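Colleague: One file is attached below, upload-v4.cif, containing mmCIF, C-alpha atoms and all ligand atoms.
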data_final
#
loop_
_atom_site.label_atom_id
_atom_site.label_comp_id
_atom_site.auth_asym_id
_atom_site.auth_seq_id
_atom_site.Cartn_x
_atom_site.Cartn_y
_atom_site.Cartn_z
CA MET A 41 16.34 37.46 55.61
CA ARG A 42 18.16 39.24 52.85
CA ARG A 43 20.71 36.45 52.56
CA SER A 44 18.03 33.75 52.27
CA ALA A 45 16.30 35.80 49.55
CA ILE A 46 19.53 35.90 47.59
CA LEU A 47 20.01 32.18 48.15
CA LEU A 48 16.46 31.49 46.90
CA ALA A 49 17.05 33.60 43.82
CA PHE A 50 20.28 31.72 43.19
CA LEU A 51 18.56 28.32 43.58
CA PHE A 52 15.81 29.47 41.21
CA LEU A 53 18.41 30.40 38.62
CA ILE A 54 20.09 27.00 38.95
CA ALA A 55 16.72 25.24 38.65
CA SER A 56 15.76 27.22 35.55
CA PHE A 57 19.16 26.49 34.02
CA LEU A 58 18.76 22.75 34.66
CA ALA A 59 15.21 22.79 33.29
CA THR A 60 16.38 24.38 30.03
CA CYS A 61 19.29 22.01 29.64
CA SER A 62 17.75 18.69 30.54
CA ARG A 63 15.64 16.82 28.02
CA SER A 64 12.79 14.67 29.08
CA LYS A 65 10.50 12.38 27.12
CA LYS A 66 7.67 13.40 29.39
CA PRO A 67 5.39 16.12 28.08
CA THR A 68 4.60 19.22 30.11
CA SER A 69 1.30 19.37 31.95
CA ASP A 70 -0.49 20.90 28.95
CA GLY A 71 0.45 17.85 26.89
CA SER A 72 3.16 19.55 24.85
CA LEU A 73 6.91 19.37 24.78
CA VAL A 74 8.63 22.73 24.91
CA ASP A 75 10.38 22.22 21.60
CA GLY A 76 8.18 19.50 20.20
CA ILE A 77 8.81 15.96 19.05
CA ALA A 78 10.54 14.88 15.85
CA VAL A 79 9.67 11.37 14.67
CA THR A 80 12.51 10.30 12.38
CA ASN A 81 13.94 7.42 10.38
CA GLY A 82 10.72 5.64 9.48
CA TYR A 83 8.62 4.81 6.45
CA LEU A 84 5.61 7.08 6.35
CA ILE A 85 2.27 5.60 5.27
CA ASP A 86 0.30 8.84 5.44
CA GLY A 87 -3.26 7.53 5.13
CA THR A 88 -3.95 9.05 1.71
CA GLY A 89 -3.17 5.86 -0.17
CA ALA A 90 0.18 7.23 -1.41
CA GLU A 91 3.34 5.11 -1.61
CA PRO A 92 5.36 4.92 1.64
CA ILE A 93 7.97 7.66 2.05
CA PRO A 94 11.36 6.45 3.38
CA GLU A 95 13.44 8.46 5.89
CA ALA A 96 10.35 10.41 6.85
CA VAL A 97 10.40 13.13 9.49
CA ILE A 98 7.31 14.33 11.31
CA LEU A 99 7.45 17.36 13.59
CA ILE A 100 4.85 17.50 16.34
CA LYS A 101 4.13 20.33 18.74
CA ASN A 102 1.25 21.26 21.01
CA GLY A 103 -0.73 18.24 19.89
CA TYR A 104 -0.54 19.00 16.18
CA ILE A 105 1.58 17.91 13.24
CA GLN A 106 3.69 20.94 12.35
CA ALA A 107 5.53 19.60 9.32
CA VAL A 108 6.00 16.38 7.36
CA GLY A 109 9.02 15.74 5.17
CA THR A 110 12.21 13.73 4.88
CA GLU A 111 15.62 13.88 6.53
CA SER A 112 16.96 15.77 3.52
CA SER A 113 14.02 18.17 3.13
CA LEU A 114 13.19 19.08 6.72
CA GLU A 115 15.34 20.65 9.40
CA ILE A 116 14.77 19.29 12.87
CA PRO A 117 14.52 22.06 15.49
CA SER A 118 17.56 21.87 17.78
CA GLY A 119 15.56 21.42 20.98
CA ALA A 120 13.14 18.79 19.70
CA ASP A 121 12.87 15.42 21.38
CA ILE A 122 13.92 12.97 18.68
CA ILE A 123 12.10 9.67 18.41
CA ASP A 124 14.21 7.53 16.06
CA VAL A 125 11.90 4.73 14.91
CA LYS A 126 14.75 2.82 13.22
CA GLY A 127 13.09 1.87 9.95
CA ALA A 128 9.65 1.12 11.38
CA TYR A 129 6.37 2.19 9.74
CA ILE A 130 4.53 5.36 10.74
CA LEU A 131 0.77 5.55 10.19
CA PRO A 132 -2.17 7.68 11.31
CA GLY A 133 -3.97 6.27 14.36
CA LEU A 134 -6.57 3.80 13.16
CA MET A 135 -10.29 4.17 13.82
CA ASN A 136 -13.22 1.86 14.41
CA THR A 137 -16.24 3.76 13.10
CA HIS A 138 -18.90 1.42 14.39
CA VAL A 139 -18.74 0.46 18.01
CA HIS A 140 -21.03 0.26 20.99
CA SER A 141 -19.85 0.25 24.62
CA GLY A 142 -17.67 3.22 23.73
CA TYR A 143 -18.64 5.09 26.89
CA ASP A 144 -16.32 2.83 28.84
CA GLU A 145 -12.90 3.77 30.13
CA ASP A 146 -11.45 0.25 29.99
CA ASN A 147 -12.56 -0.19 26.38
CA LEU A 148 -11.25 3.21 25.31
CA LYS A 149 -7.87 2.49 26.93
CA GLU A 150 -7.69 -0.89 25.21
CA TRP A 151 -8.44 0.68 21.83
CA ALA A 152 -5.94 3.51 22.27
CA LYS A 153 -3.16 1.20 23.42
CA SER A 154 -3.73 -1.05 20.38
CA GLY A 155 -3.38 1.90 17.99
CA VAL A 156 -7.09 2.60 17.47
CA THR A 157 -7.03 6.22 18.60
CA THR A 158 -10.61 7.13 17.62
CA VAL A 159 -13.85 5.17 17.88
CA ARG A 160 -17.34 6.17 16.77
CA ASP A 161 -20.10 4.91 19.07
CA LEU A 162 -23.27 4.39 17.05
CA GLY A 163 -25.79 3.64 19.72
CA ASN A 164 -25.75 4.17 23.43
CA LEU A 165 -28.71 2.19 24.68
CA THR A 166 -28.05 2.44 28.41
CA THR A 167 -28.28 6.10 29.46
CA SER A 168 -30.16 9.25 28.49
CA PRO A 169 -28.44 11.31 25.76
CA GLU A 170 -27.51 14.06 28.25
CA VAL A 171 -25.91 11.63 30.70
CA GLY A 172 -24.16 9.81 27.85
CA PHE A 173 -22.64 12.96 26.34
CA SER A 174 -21.43 14.18 29.72
CA ILE A 175 -19.74 10.80 30.29
CA ARG A 176 -18.16 11.17 26.83
CA ASP A 177 -16.88 14.64 27.71
CA SER A 178 -15.21 13.43 30.89
CA LEU A 179 -13.69 10.40 29.08
CA LEU A 180 -12.23 12.78 26.49
CA ASN A 181 -10.24 14.48 29.25
CA ASP A 182 -8.03 11.42 29.71
CA ASN A 183 -5.54 11.29 26.83
CA GLU A 184 -4.94 7.57 27.41
CA ASN A 185 -8.51 6.99 26.22
CA SER A 186 -9.28 6.57 22.55
CA ARG A 187 -11.19 9.61 21.23
CA LEU A 188 -14.92 8.94 21.48
CA VAL A 189 -17.15 10.26 18.69
CA ALA A 190 -20.73 9.68 19.79
CA ALA A 191 -24.12 9.52 18.13
CA GLY A 192 -26.08 9.05 21.34
CA PRO A 193 -29.19 6.91 20.89
CA LEU A 194 -30.48 5.14 17.77
CA VAL A 195 -33.25 7.24 16.20
CA THR A 196 -36.23 5.24 14.90
CA THR A 197 -40.01 5.30 14.66
CA VAL A 198 -42.39 4.29 17.46
CA GLY A 199 -41.89 0.56 18.03
CA GLY A 200 -39.06 0.51 15.48
CA TYR A 201 -35.55 -0.94 15.53
CA GLY A 202 -33.67 1.42 17.84
CA ASN A 203 -34.39 3.24 21.08
CA TYR A 204 -35.19 6.89 20.34
CA PRO A 205 -38.55 7.14 18.59
CA VAL A 206 -39.88 10.09 16.58
CA THR A 207 -43.53 10.44 15.65
CA SER A 208 -43.53 12.81 12.63
CA PRO A 209 -41.18 14.93 10.50
CA ASP A 210 -41.65 17.89 12.86
CA ASP A 211 -40.99 15.71 15.88
CA ALA A 212 -37.92 14.28 14.10
CA GLU A 213 -36.58 17.79 13.53
CA ALA A 214 -37.18 18.76 17.18
CA LYS A 215 -35.57 15.59 18.53
CA VAL A 216 -32.54 15.79 16.24
CA ASN A 217 -32.01 19.41 17.27
CA GLY A 218 -32.37 18.32 20.88
CA LEU A 219 -29.74 15.61 20.47
CA ILE A 220 -27.33 18.06 18.84
CA ASP A 221 -28.00 20.61 21.61
CA ALA A 222 -27.19 17.88 24.14
CA GLY A 223 -23.86 17.20 22.39
CA ALA A 224 -24.37 14.59 19.64
CA ASP A 225 -21.41 14.44 17.25
CA LEU A 226 -23.62 12.81 14.63
CA ILE A 227 -27.08 11.27 14.27
CA LYS A 228 -27.65 7.54 13.88
CA ILE A 229 -30.92 6.29 12.45
CA ALA A 230 -32.33 2.84 11.77
CA ILE A 231 -33.82 1.92 8.39
CA GLU A 232 -34.86 -1.62 9.14
CA ASP A 233 -38.07 -3.59 8.63
CA TYR A 234 -37.00 -7.17 9.41
CA LEU A 235 -34.18 -8.40 11.60
CA GLN A 236 -33.63 -10.75 14.53
CA GLY A 237 -36.63 -12.83 13.44
CA ARG A 238 -39.23 -10.08 13.60
CA ALA A 239 -40.78 -7.23 11.63
CA TRP A 240 -40.18 -3.60 12.63
CA PRO A 241 -42.08 -0.45 11.65
CA MET A 242 -39.83 2.04 9.82
CA LEU A 243 -39.23 5.77 9.66
CA SER A 244 -41.05 7.36 6.71
CA MET A 245 -39.08 8.94 3.84
CA ASP A 246 -40.31 12.37 4.99
CA GLU A 247 -38.93 11.70 8.46
CA ILE A 248 -35.60 10.46 7.12
CA LYS A 249 -35.25 13.53 4.90
CA ARG A 250 -36.11 15.88 7.75
CA ILE A 251 -33.54 14.16 9.99
CA THR A 252 -30.74 14.50 7.42
CA GLN A 253 -31.66 18.12 6.58
CA THR A 254 -31.76 19.09 10.25
CA ALA A 255 -28.44 17.40 10.97
CA HIS A 256 -26.73 18.84 7.89
CA ASN A 257 -27.93 22.35 8.74
CA ARG A 258 -25.94 21.99 11.92
CA ASN A 259 -22.87 20.38 10.36
CA ARG A 260 -23.60 16.89 11.65
CA ARG A 261 -23.51 13.75 9.55
CA VAL A 262 -26.12 10.99 9.57
CA ALA A 263 -25.27 7.29 9.66
CA ALA A 264 -27.97 4.73 8.95
CA HIS A 265 -28.29 1.15 10.10
CA ILE A 266 -29.43 -0.96 7.14
CA SER A 267 -29.39 -4.67 6.28
CA ARG A 268 -31.10 -4.96 2.88
CA SER A 269 -30.68 -3.27 -0.50
CA LYS A 270 -34.14 -1.67 -0.29
CA HIS A 271 -33.02 0.08 2.93
CA LEU A 272 -29.90 1.30 1.15
CA TYR A 273 -32.09 2.77 -1.59
CA MET A 274 -34.06 4.68 1.06
CA ALA A 275 -30.86 5.85 2.77
CA ILE A 276 -29.48 7.23 -0.49
CA GLN A 277 -32.76 8.97 -1.35
CA GLY A 278 -33.04 10.30 2.18
CA GLY A 279 -29.65 12.03 2.10
CA VAL A 280 -27.81 9.79 4.59
CA ASP A 281 -24.00 10.21 4.67
CA ASP A 282 -22.89 6.68 5.49
CA VAL A 283 -24.55 3.32 5.87
CA VAL A 284 -23.50 0.75 8.42
CA HIS A 285 -23.64 -3.03 7.84
CA MET A 286 -23.06 -4.44 4.39
CA VAL A 287 -26.42 -5.58 2.99
CA ILE A 288 -27.11 -9.29 3.27
CA ASP A 289 -29.12 -9.64 0.08
CA HIS A 290 -27.69 -9.24 -3.40
CA LEU A 291 -26.49 -5.66 -3.90
CA PRO A 292 -27.57 -4.46 -7.37
CA ASP A 293 -24.90 -2.75 -9.48
CA SER A 294 -27.30 0.16 -9.99
CA LEU A 295 -27.20 0.91 -6.25
CA ILE A 296 -23.40 0.75 -6.23
CA THR A 297 -23.39 3.38 -8.97
CA PHE A 298 -26.01 5.47 -7.14
CA MET A 299 -23.96 5.40 -3.92
CA ILE A 300 -20.77 6.41 -5.67
CA GLU A 301 -22.61 9.27 -7.42
CA LYS A 302 -23.78 10.53 -4.02
CA ASP A 303 -20.30 10.05 -2.48
CA MET A 304 -21.75 7.91 0.29
CA TYR A 305 -19.53 5.79 2.53
CA TRP A 306 -20.04 2.22 3.68
CA VAL A 307 -19.07 0.72 7.04
CA PRO A 308 -19.38 -3.01 6.28
CA THR A 309 -19.20 -4.65 9.78
CA LEU A 310 -18.14 -7.98 8.25
CA GLU A 311 -17.17 -9.17 11.73
CA LEU A 312 -20.80 -8.90 12.81
CA TRP A 313 -22.05 -10.89 9.82
CA TRP A 314 -19.30 -13.48 10.33
CA GLY A 315 -20.38 -13.95 13.97
CA VAL A 316 -24.10 -14.09 13.19
CA SER A 317 -23.54 -16.54 10.33
CA GLU A 318 -21.43 -18.81 12.55
CA LEU A 319 -24.02 -18.72 15.31
CA TYR A 320 -27.10 -19.39 13.18
CA HIS A 321 -25.51 -21.29 10.28
CA LEU A 322 -26.36 -18.60 7.75
CA ASN A 323 -24.57 -17.45 4.60
CA TRP A 324 -24.90 -13.74 5.30
CA ASP A 325 -21.12 -13.43 5.64
CA VAL A 326 -20.68 -14.87 2.13
CA ILE A 327 -23.23 -12.48 0.60
CA ALA A 328 -21.75 -9.51 2.46
CA LYS A 329 -18.27 -10.41 1.27
CA ASP A 330 -19.39 -10.61 -2.36
CA ASN A 331 -21.24 -7.29 -2.10
CA LEU A 332 -18.25 -5.54 -0.53
CA GLN A 333 -15.97 -6.97 -3.20
CA ARG A 334 -18.08 -5.47 -5.98
CA PHE A 335 -18.60 -2.16 -4.15
CA ALA A 336 -14.87 -1.69 -3.44
CA GLN A 337 -13.83 -2.74 -6.93
CA ALA A 338 -16.22 -0.19 -8.41
CA GLY A 339 -14.49 2.52 -6.39
CA GLY A 340 -16.97 2.74 -3.50
CA LYS A 341 -15.65 4.35 -0.33
CA VAL A 342 -15.34 2.12 2.71
CA ALA A 343 -14.60 2.94 6.36
CA ILE A 344 -13.57 0.31 8.92
CA GLY A 345 -16.21 -0.47 11.53
CA THR A 346 -17.08 -3.71 13.28
CA ASP A 347 -20.20 -3.14 15.43
CA TYR A 348 -18.07 -4.06 18.48
CA ASP A 349 -20.24 -5.45 21.22
CA GLY A 350 -23.48 -4.76 19.30
CA TYR A 351 -24.52 -8.39 19.33
CA ILE A 352 -23.95 -11.56 21.35
CA THR A 353 -21.25 -12.82 18.96
CA PRO A 354 -17.48 -12.31 19.52
CA PHE A 355 -15.78 -9.03 18.51
CA ASP A 356 -12.16 -7.91 18.62
CA LEU A 357 -11.50 -5.22 21.21
CA GLY A 358 -8.44 -3.21 20.17
CA MET A 359 -7.08 -3.51 16.63
CA PRO A 360 -10.03 -4.83 14.54
CA MET A 361 -8.01 -7.63 12.95
CA ARG A 362 -10.87 -9.97 12.16
CA GLU A 363 -12.65 -7.19 10.27
CA ILE A 364 -9.41 -6.34 8.45
CA ARG A 365 -8.81 -9.97 7.46
CA LEU A 366 -12.40 -10.29 6.24
CA MET A 367 -12.04 -7.09 4.20
CA GLN A 368 -8.91 -8.51 2.63
CA ALA A 369 -10.72 -11.79 1.91
CA ALA A 370 -13.33 -9.63 0.13
CA GLY A 371 -10.63 -8.51 -2.28
CA MET A 372 -9.71 -5.17 -0.73
CA THR A 373 -6.00 -4.43 -0.99
CA PRO A 374 -3.88 -3.51 2.06
CA VAL A 375 -3.72 0.10 0.90
CA GLN A 376 -7.52 0.26 0.47
CA ILE A 377 -7.95 -1.21 3.94
CA LEU A 378 -5.51 1.24 5.55
CA VAL A 379 -7.30 4.17 3.89
CA ALA A 380 -10.60 2.69 5.15
CA GLY A 381 -9.19 2.69 8.68
CA THR A 382 -7.75 6.21 8.53
CA LYS A 383 -8.77 8.81 5.92
CA HIS A 384 -12.21 7.42 5.13
CA ALA A 385 -12.85 6.65 8.79
CA ALA A 386 -12.05 10.26 9.68
CA HIS A 387 -14.54 11.38 7.03
CA VAL A 388 -17.46 9.44 8.50
CA CYS A 389 -16.49 10.81 11.92
CA ASN A 390 -16.76 14.32 10.40
CA LEU A 391 -13.13 14.83 11.41
CA ASP A 392 -11.54 14.89 7.95
CA ASN A 393 -9.97 18.28 8.61
CA GLU A 394 -8.44 17.18 11.90
CA LEU A 395 -7.54 13.49 11.55
CA GLY A 396 -7.13 10.51 9.23
CA THR A 397 -3.93 11.47 7.43
CA ILE A 398 -0.45 12.55 8.50
CA GLU A 399 -0.28 16.11 7.17
CA ALA A 400 0.76 19.45 8.59
CA GLY A 401 -2.04 21.06 10.59
CA LYS A 402 -3.72 17.84 11.64
CA ILE A 403 -3.97 16.45 15.17
CA ALA A 404 -0.97 14.23 15.92
CA ASP A 405 -2.57 10.79 16.29
CA ILE A 406 0.21 8.53 15.03
CA ILE A 407 1.13 4.90 15.46
CA ILE A 408 4.41 3.15 14.75
CA VAL A 409 4.49 -0.53 13.78
CA SER A 410 7.58 -2.70 13.21
CA GLY A 411 6.61 -4.38 9.94
CA ASN A 412 5.19 -3.07 6.69
CA PRO A 413 1.37 -3.40 6.79
CA LEU A 414 1.25 -2.94 3.01
CA ASP A 415 3.11 -6.28 2.73
CA ASP A 416 1.23 -7.96 5.56
CA LEU A 417 -1.63 -6.36 7.46
CA GLU A 418 -0.79 -8.53 10.49
CA ALA A 419 1.92 -5.92 11.09
CA LEU A 420 -0.84 -3.82 12.65
CA LEU A 421 -0.59 -6.13 15.66
CA GLY A 422 3.05 -5.10 16.09
CA VAL A 423 2.45 -1.62 17.51
CA GLN A 424 5.62 -0.15 19.05
CA MET A 425 4.38 3.30 19.88
CA VAL A 426 1.13 5.26 20.01
CA ILE A 427 1.05 9.05 19.93
CA HIS A 428 -2.36 10.50 20.79
CA ASN A 429 -3.00 14.25 20.59
CA GLY A 430 0.74 14.73 20.24
CA VAL A 431 1.63 12.81 23.39
CA VAL A 432 3.29 9.38 23.56
CA ILE A 433 0.80 7.12 25.35
CA ARG A 434 2.48 3.82 24.53
CA ASP A 435 6.17 3.19 24.04
CA ASN A 436 7.35 -0.41 23.95
CA GLY A 437 10.96 0.79 24.14
CA GLU A 438 10.38 2.63 27.42
CA ASP A 439 11.53 0.94 30.65
ZN ZN A 501 -24.34 -1.27 15.78
#
Spit out the file's structure as structure tokens when you get a sec.

Modeller:
Amino acid sequence: MRRSAILLAFLFLIASFLATCSRSKKPTSDGSLVDGIAVTNGYLIDGTGAEPIPEAVILIKNGYIQAVGTESSLEIPSGADIIDVKGAYILPGLMNTHVHSGYDEDNLKEWAKSGVTTVRDLGNLTTSPEVGFSIRDSLLNDNENSRLVAAGPLVTTVGGYGNYPVTSPDDAEAKVNGLIDAGADLIKIAIEDYLQGRAWPMLSMDEIKRITQTAHNRNRRVAAHISRSKHLYMAIQGGVDDVVHMVIDHLPDSLITFMIEKDMYWVPTLELWWGVSELYHLNWDVIAKDNLQRFAQAGGKVAIGTDYDGYITPFDLGMPMREIRLMQAAGMTPVQILVAGTKHAAHVCNLDNELGTIEAGKIADIIIVSGNPLDDLEALLGVQMVIHNGVVIRDNGED
């Protein structure tokens, strides 16, 4: 007995010795590497809109970015697993801030694999809020899924556009509190009086204001569906944080100025308007493009969002390339578009402190692409590696 105990102790020592010496690309069960990861030898596009930094080094540990620098400025810890990206481009994980069908494992895996590491679902129409948020929570446990930020249902008035009616300001306050209690990351409302060939009753201004006040008191943002400039005017007056869908009537310059004054963000969903215009032979895509052009040129803040799956028309699943190409056709520069897909997208997700840029202290959601997306945005289709919550979930170089 005594001899076998000694033998066991000896074997344990050998095993511990081997474990300390051997390096593995696989993270430990808590998702971290003992000594962290060092991403080296790439051009860093950090999501802030700054010029790319050559020979960048990013240190990652326990899911977070520990330090960002260059090969000359930053010492790599001796035990770190080095990922040499050989001159490729390093960016924050992209986001799609207007999707539906986000409560779906296959979709979330497709997004994550493509480099879209966060999506914001703006309207779950198929389950109760409680069921939806519990599905979200279980999907969040799988790191191969894109992070799901969820609004739950679409808040509206009785008979209105949406699926979660309120009857008065007091009822709006109670229901918004109820949604937040159930787990809503944000509140989505509809401000819409005519779409899909029919008229819809709308929330009153008092109801909209009560919804935004209630949400803001609990540190939640409010996104509003709109389609016309008059709805935008109501959204601004009502205290909404971001509007989704570019308006499809002429956007007055005065409203552009008003939005910028209020620091409101726009999620244009040009892919939706492209699809609808193709299907019904409309010019909404042309109007939306012109409006976005003037909004972006005036300095308006834009976040990428497509309305994936929100209508019967085609949508990209994965990297939202059609949206990106349409944004570029609307005069947005590659750097503006990358900021729209990272920093500004994180803002509308209310995750600006955690995500959207590659900076020390933020969650390590990082993608590596072969080509320079500032030269050609098609490079976003050349994803080599995806790091999500500090863990490599896609590595094209791996056997
Ligand atoms: Zn939508």

Colleague: Could you work out how far atom CA of Glu184 of chain A lies from atom CA of Gly172 of chain A, giving the answer in Å with one decimal?

Modeller: 19.4 Å

Colleague: From the options A:Asp144, A:Asp211, A:Asp347, A:Asp289, which residue's atoms come nearest to ligand ZN 501 (chain A), counting all atoms listed in the file?

Modeller: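 Selected residue with least distance to ligand ZN 501 (chain A): A:Asp347.
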
Colleague: With only C-alpha atoms as the counted atoms, please give the residues lying no more than 6 Å from Ala190 of chain A, apart from itself and same-chain residues fewer than 5 positions off, as number ranges by chain.

Modeller: A: 160-161, 225

Colleague: Quick one, how far is atom CA of Ser267 of chain A from atom CA of Ala369 of chain A?

Modeller: 20.5 Å

Colleague: With the cut-off set at 12 Å and counting all atoms listed in the file, tabulate each residue of chain A with an atom at most that distance from an atom of ligand ZN 501 (chain A), showing the nearest atom pair and its distance in Å to one decimal, ordered by chain and increasing number, as a Markdown table.

Modeller:
| residue | atom | partner | partner_atom | distance |
| --- | --- | --- | --- | --- |
| A:Asn136 | CA | A:ZN501 | ZN | 11.6 |
| A:Thr137 | CA | A:ZN501 | ZN | 9.9 |
| A:His138 | CA | A:ZN501 | ZN | 6.2 |
| A:Val139 | CA | A:ZN501 | ZN | 6.3 |
| A:His140 | CA | A:ZN501 | ZN | 6.4 |
| A:Ser141 | CA | A:ZN501 | ZN | 10.0 |
| A:Gly142 | CA | A:ZN501 | ZN | 11.3 |
| A:Arg160 | CA | A:ZN501 | ZN | 10.3 |
| A:Asp161 | CA | A:ZN501 | ZN | 8.2 |
| A:Leu162 | CA | A:ZN501 | ZN | 5.9 |
| A:Gly163 | CA | A:ZN501 | ZN | 6.5 |
| A:Asn164 | CA | A:ZN501 | ZN | 9.5 |
| A:Leu165 | CA | A:ZN501 | ZN | 10.5 |
| A:Ala191 | CA | A:ZN501 | ZN | 11.0 |
| A:Gly192 | CA | A:ZN501 | ZN | 11.9 |
| A:Pro193 | CA | A:ZN501 | ZN | 10.8 |
| A:Leu194 | CA | A:ZN501 | ZN | 9.1 |
| A:Tyr201 | CA | A:ZN501 | ZN | 11.2 |
| A:Gly202 | CA | A:ZN501 | ZN | 9.9 |
| A:Lys228 | CA | A:ZN501 | ZN | 9.6 |
| A:Ile229 | CA | A:ZN501 | ZN | 10.6 |
| A:Ala230 | CA | A:ZN501 | ZN | 9.8 |
| A:Ala263 | CA | A:ZN501 | ZN | 10.6 |
| A:Ala264 | CA | A:ZN501 | ZN | 9.8 |
| A:His265 | CA | A:ZN501 | ZN | 7.3 |
| A:Ile266 | CA | A:ZN501 | ZN | 10.0 |
| A:Ser267 | CA | A:ZN501 | ZN | 11.3 |
| A:Val283 | CA | A:ZN501 | ZN | 10.9 |
| A:Val284 | CA | A:ZN501 | ZN | 7.7 |
| A:His285 | CA | A:ZN501 | ZN | 8.2 |
| A:Met286 | CA | A:ZN501 | ZN | 11.9 |
| A:Val307 | CA | A:ZN501 | ZN | 10.4 |
| A:Pro308 | CA | A:ZN501 | ZN | 10.9 |
| A:Thr309 | CA | A:ZN501 | ZN | 8.6 |
| A:Leu310 | CA | A:ZN501 | ZN | 11.8 |
| A:Glu311 | CA | A:ZN501 | ZN | 11.4 |
| A:Leu312 | CA | A:ZN501 | ZN | 8.9 |
| A:Trp313 | CA | A:ZN501 | ZN | 11.5 |
| A:Gly345 | CA | A:ZN501 | ZN | 9.2 |
| A:Thr346 | CA | A:ZN501 | ZN | 8.1 |
| A:Asp347 | CA | A:ZN501 | ZN | 4.6 |
| A:Tyr348 | CA | A:ZN501 | ZN | 7.4 |
| A:Asp349 | CA | A:ZN501 | ZN | 8.0 |
| A:Gly350 | CA | A:ZN501 | ZN | 5.0 |
| A:Tyr351 | CA | A:ZN501 | ZN | 8.0 |
| A:Ile352 | CA | A:ZN501 | ZN | 11.7 |
| A:Phe355 | CA | A:ZN501 | ZN | 11.9 |

Colleague: Take atom CA of Leu179 of chain A and atom CA of Ala222 of chain A and report the distance between them in Å, one decimal.

Modeller: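 Value for the atom CA of Leu179 of chain A-atom CA of Ala222 of chain A distance: 16.2 Å.
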
Colleague: Would you mind putting N, CA and C atoms back on segment 140-153 of chain A and writing the result as a PDB file, in the frame of the given file?

Modeller:
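The resulting file, part03.pdb, is reproduced below:
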ATOM      1  N   HIS A 140     -20.151  -0.045  19.859  1.00  0.00           N
ATOM      2  CA  HIS A 140     -21.030   0.260  20.990  1.00  0.00           C
ATOM      3  C   HIS A 140     -20.138   0.082  22.213  1.00  0.00           C
ATOM      4  N   SER A 141     -20.680   0.335  23.404  1.00  0.00           N
ATOM      5  CA  SER A 141     -19.850   0.250  24.620  1.00  0.00           C
ATOM      6  C   SER A 141     -18.608   1.128  24.517  1.00  0.00           C
ATOM      7  N   GLY A 142     -18.768   2.263  23.833  1.00  0.00           N
ATOM      8  CA  GLY A 142     -17.670   3.220  23.730  1.00  0.00           C
ATOM      9  C   GLY A 142     -17.561   4.117  24.944  1.00  0.00           C
ATOM     10  N   TYR A 143     -18.646   4.217  25.712  1.00  0.00           N
ATOM     11  CA  TYR A 143     -18.640   5.090  26.890  1.00  0.00           C
ATOM     12  C   TYR A 143     -18.046   4.314  28.066  1.00  0.00           C
ATOM     13  N   ASP A 144     -16.878   3.757  27.866  1.00  0.00           N
ATOM     14  CA  ASP A 144     -16.320   2.830  28.840  1.00  0.00           C
ATOM     15  C   ASP A 144     -14.807   3.025  28.868  1.00  0.00           C
ATOM     16  N   GLU A 145     -14.316   3.424  30.022  1.00  0.00           N
ATOM     17  CA  GLU A 145     -12.900   3.770  30.130  1.00  0.00           C
ATOM     18  C   GLU A 145     -11.993   2.601  29.773  1.00  0.00           C
ATOM     19  N   ASP A 146     -12.311   1.406  30.272  1.00  0.00           N
ATOM     20  CA  ASP A 146     -11.450   0.250  29.990  1.00  0.00           C
ATOM     21  C   ASP A 146     -11.384  -0.020  28.486  1.00  0.00           C
ATOM     22  N   ASN A 147     -12.550   0.048  27.831  1.00  0.00           N
ATOM     23  CA  ASN A 147     -12.560  -0.190  26.380  1.00  0.00           C
ATOM     24  C   ASN A 147     -11.757   0.866  25.639  1.00  0.00           C
ATOM     25  N   LEU A 148     -11.953   2.121  26.018  1.00  0.00           N
ATOM     26  CA  LEU A 148     -11.250   3.210  25.310  1.00  0.00           C
ATOM     27  C   LEU A 148      -9.744   3.095  25.496  1.00  0.00           C
ATOM     28  N   LYS A 149      -9.314   2.656  26.690  1.00  0.00           N
ATOM     29  CA  LYS A 149      -7.870   2.490  26.930  1.00  0.00           C
ATOM     30  C   LYS A 149      -7.322   1.330  26.092  1.00  0.00           C
ATOM     31  N   GLU A 150      -8.097   0.275  26.001  1.00  0.00           N
ATOM     32  CA  GLU A 150      -7.690  -0.890  25.210  1.00  0.00           C
ATOM     33  C   GLU A 150      -7.539  -0.505  23.731  1.00  0.00           C
ATOM     34  N   TRP A 151      -8.528   0.242  23.227  1.00  0.00           N
ATOM     35  CA  TRP A 151      -8.440   0.680  21.830  1.00  0.00           C
ATOM     36  C   TRP A 151      -7.207   1.561  21.610  1.00  0.00           C
ATOM     37  N   ALA A 152      -7.045   2.557  22.480  1.00  0.00           N
ATOM     38  CA  ALA A 152      -5.940   3.510  22.270  1.00  0.00           C
ATOM     39  C   ALA A 152      -4.597   2.801  22.288  1.00  0.00           C
ATOM     40  N   LYS A 153      -4.423   1.927  23.264  1.00  0.00           N
ATOM     41  CA  LYS A 153      -3.160   1.200  23.420  1.00  0.00           C
ATOM     42  C   LYS A 153      -2.854   0.343  22.186  1.00  0.00           C
TER      43      LYS A 153
END
